[in-house]
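Okay, structure first, notes after.
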Amino acid sequence: MSRWPHAFFAAAGLYILIGTNWGLYMSVTHDFTTSPAHAHLNLLGFVSLSIMGAYYALLGRDTPAWMVKANFVLSNLGVVTMITFLTAIFTGAAPAPVAGPVVALGGVMVILGFAIFFAAVVRGLVMAGAPARAPGAFAPA
């Protein structure tokens with residue numbers, strides 16, 4: 001089996017460790033200023049990369065390596081870029097007119113990662129062919 005599913009899960013694990021500690025910090029300090037960035041990290045970093053890793057481990061084993069690598073790199077670069085600059089905006093460390101375009105660039109990378117993932121899933125569906133039917137099963141016309 002490819003090591004790529006492990007890479008997706010390792011990144012997801014890192015993001016959820018950061019995200020849960022971040023959430024704990026916000027809870028203890030009662031400062032929820034950065035909660036939108038925290039939520040994006042948990043959703044895009046942990047949930048999405050976990051789903052992608054599970055797909056590549058279970059169903060996407062025949063996905064070309066370049067697609068998996070591009071999916072991994074774009075998704076991770078996008079998450080890190082987006083979350084870093086969202087946090088900078090919410091904390092006032094960077095003005096929105098300066099950091100906003102960088103957030104958008106991170107968003108584009110995330111979307112491109114999702115597009116590659118979608119292409120990998122559709123490719124897998126097409127390569128798998130039509131589902132088999134039981135003998136004598138009704139076949140719609």
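Chain labels A, B, ... are given in the sequence in which chains occur in the structure tokens; within each chain residues are numbered consecutively from 1, and ligands are likewise numbered from 1 in the order shown.
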Using 6 Å as the limit and counting only C-alpha atoms, can you tabulate each residue of region 4-27 of chain A that touches region 31-46 of chain A, with its shortest atom-to-atom distance in Å and the two atoms involved, as a Markdown table?
```
| residue | atom | partner | partner_atom | distance |
| --- | --- | --- | --- | --- |
| A:Ala12 | CA | A:Phe46 | CA | 4.3 |
| A:Tyr15 | CA | A:Gly45 | CA | 5.5 |
| A:Ile16 | CA | A:Phe46 | CA | 5.5 |
| A:Gly19 | CA | A:Asn42 | CA | 5.8 |
| A:Met26 | CA | A:Asp31 | CA | 5.1 |
```
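The space separating CA of Met67 (chain A) from CA of Gly124 (chain A) comes to 11.9 Å.
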So, counting only C-alpha atoms, which residue among A:Ala93, A:Val98, A:Leu74, A:Ala128 is closest to Ala115 (chain A)?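 Closest candidate: A:Leu74.
Distances from A:Ala99, A:Ala65, A:Val47, A:Ala11 to Ala120 (chain A) were compared using only C-alpha atoms, and the smallest one belongs to A:Ala65.
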At what distance in Å, to one decimal, does CA of Phe72 (chain A) lie from CA of Ser50 (chain A)? 11.2 Å
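Using only C-alpha atoms, the nearest neighbour of Gly78 (chain A) within the list A:Ile18, A:Val103, A:Ala7, A:Met52 is A:Val103.
Going from CA of Tyr55 (chain A) to CA of Phe9 (chain A) covers 11.1 Å.
Among the candidates A:Thr91, A:Thr29, A:Thr84, A:Ser48, the one nearest to Asn71 (chain A) when counting only C-alpha atoms is A:Ser48.
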Please determine, counting only C-alpha atoms, which residue among A:Thr63, A:Gly129, A:Ile51, A:Ala88 has the shortest atom-to-atom distance to Phe114 (chain A). A:Ile51
Based on DSSP run over this structure's backbone, return all residues of chain A in alpha helix (DSSP H), as number ranges by chain. A: 4-29, 35-40, 49-58, 65-91, 96-128
Write the residues of the selection above to a file with C-alpha atoms, as a compact mmCIF listing (two decimals), in the first residue's frame.
```txt
# COMPACT_ATOMS: atom_id res chain seq x y z
CA TRP A 4 0.13 8.61 1.01
CA PRO A 5 -2.88 7.68 3.17
CA HIS A 6 -0.54 7.77 6.18
CA ALA A 7 0.65 11.24 5.14
CA PHE A 8 -2.95 12.49 4.94
CA PHE A 9 -3.73 11.03 8.37
CA ALA A 10 -0.52 12.42 9.88
CA ALA A 11 -1.35 15.91 8.63
CA ALA A 12 -4.94 15.54 9.87
CA GLY A 13 -3.64 14.41 13.25
CA LEU A 14 -1.37 17.45 13.49
CA TYR A 15 -4.21 19.80 12.56
CA ILE A 16 -6.60 18.35 15.13
CA LEU A 17 -3.95 18.56 17.85
CA ILE A 18 -3.41 22.22 17.00
CA GLY A 19 -7.15 22.83 16.66
CA THR A 20 -8.14 21.25 19.98
CA ASN A 21 -5.38 23.04 21.87
CA TRP A 22 -6.41 26.27 20.19
CA GLY A 23 -10.01 25.65 21.25
CA LEU A 24 -8.91 24.95 24.80
CA TYR A 25 -6.90 28.17 24.85
CA MET A 26 -9.92 30.16 23.63
CA SER A 27 -12.08 28.52 26.27
CA VAL A 28 -9.67 29.24 29.11
CA THR A 29 -9.04 32.85 28.08
CA SER A 35 -12.79 31.06 16.33
CA PRO A 36 -13.50 31.29 12.57
CA ALA A 37 -9.88 30.38 11.80
CA HIS A 38 -10.01 27.62 14.42
CA ALA A 39 -13.16 26.18 12.83
CA HIS A 40 -11.61 26.29 9.35
CA LEU A 49 -7.74 15.39 5.04
CA SER A 50 -9.05 12.44 7.08
CA ILE A 51 -11.71 11.75 4.46
CA MET A 52 -9.12 12.00 1.69
CA GLY A 53 -6.73 9.67 3.51
CA ALA A 54 -9.52 7.15 4.07
CA TYR A 55 -10.48 7.26 0.40
CA TYR A 56 -6.92 6.69 -0.80
CA ALA A 57 -6.43 3.86 1.71
CA LEU A 58 -9.68 2.05 0.94
CA ALA A 65 0.67 9.02 -7.59
CA TRP A 66 0.86 12.49 -9.15
CA MET A 67 -2.83 13.08 -8.36
CA VAL A 68 -2.47 11.98 -4.75
CA LYS A 69 0.67 14.05 -4.26
CA ALA A 70 -0.88 17.14 -5.87
CA ASN A 71 -3.98 16.69 -3.71
CA PHE A 72 -1.84 16.43 -0.56
CA VAL A 73 0.46 19.35 -1.36
CA LEU A 74 -2.26 21.76 -2.51
CA SER A 75 -4.58 20.89 0.38
CA ASN A 76 -1.88 21.33 3.01
CA LEU A 77 -0.37 24.50 1.54
CA GLY A 78 -3.87 25.92 1.25
CA VAL A 79 -4.83 25.08 4.83
CA VAL A 80 -1.63 26.49 6.31
CA THR A 81 -1.77 29.66 4.20
CA MET A 82 -5.46 30.26 4.79
CA ILE A 83 -5.41 29.63 8.55
CA THR A 84 -2.22 31.63 9.18
CA PHE A 85 -3.50 34.73 7.43
CA LEU A 86 -7.08 34.44 8.73
CA THR A 87 -5.60 34.39 12.22
CA ALA A 88 -3.46 37.42 11.40
CA ILE A 89 -6.56 39.32 10.28
CA PHE A 90 -8.66 38.36 13.32
CA THR A 91 -5.89 39.23 15.80
CA ALA A 96 -7.42 42.68 5.93
CA PRO A 97 -6.51 44.54 2.71
CA VAL A 98 -2.99 43.04 2.96
CA ALA A 99 -3.75 39.56 4.32
CA GLY A 100 -7.09 39.07 2.58
CA PRO A 101 -5.61 38.29 -0.84
CA VAL A 102 -3.27 35.75 0.76
CA VAL A 103 -6.27 34.10 2.46
CA ALA A 104 -7.92 33.97 -0.96
CA LEU A 105 -4.79 32.36 -2.44
CA GLY A 106 -4.94 29.71 0.31
CA GLY A 107 -8.61 29.20 -0.49
CA VAL A 108 -7.82 28.68 -4.16
CA MET A 109 -5.21 26.07 -3.23
CA VAL A 110 -7.74 24.27 -1.03
CA ILE A 111 -10.31 24.34 -3.85
CA LEU A 112 -7.75 22.98 -6.32
CA GLY A 113 -6.96 20.20 -3.83
CA PHE A 114 -10.69 19.41 -3.61
CA ALA A 115 -10.94 19.44 -7.41
CA ILE A 116 -8.11 16.92 -7.70
CA PHE A 117 -9.72 14.79 -5.02
CA PHE A 118 -13.03 14.90 -6.89
CA ALA A 119 -11.25 13.92 -10.11
CA ALA A 120 -9.59 11.00 -8.30
CA VAL A 121 -12.95 9.81 -6.94
CA VAL A 122 -14.65 10.09 -10.34
CA ARG A 123 -11.70 8.32 -11.97
CA GLY A 124 -12.02 5.52 -9.42
CA LEU A 125 -15.75 5.27 -10.05
CA VAL A 126 -15.25 5.05 -13.81
CA MET A 127 -12.41 2.53 -13.47
CA ALA A 128 -14.51 0.36 -11.17
```
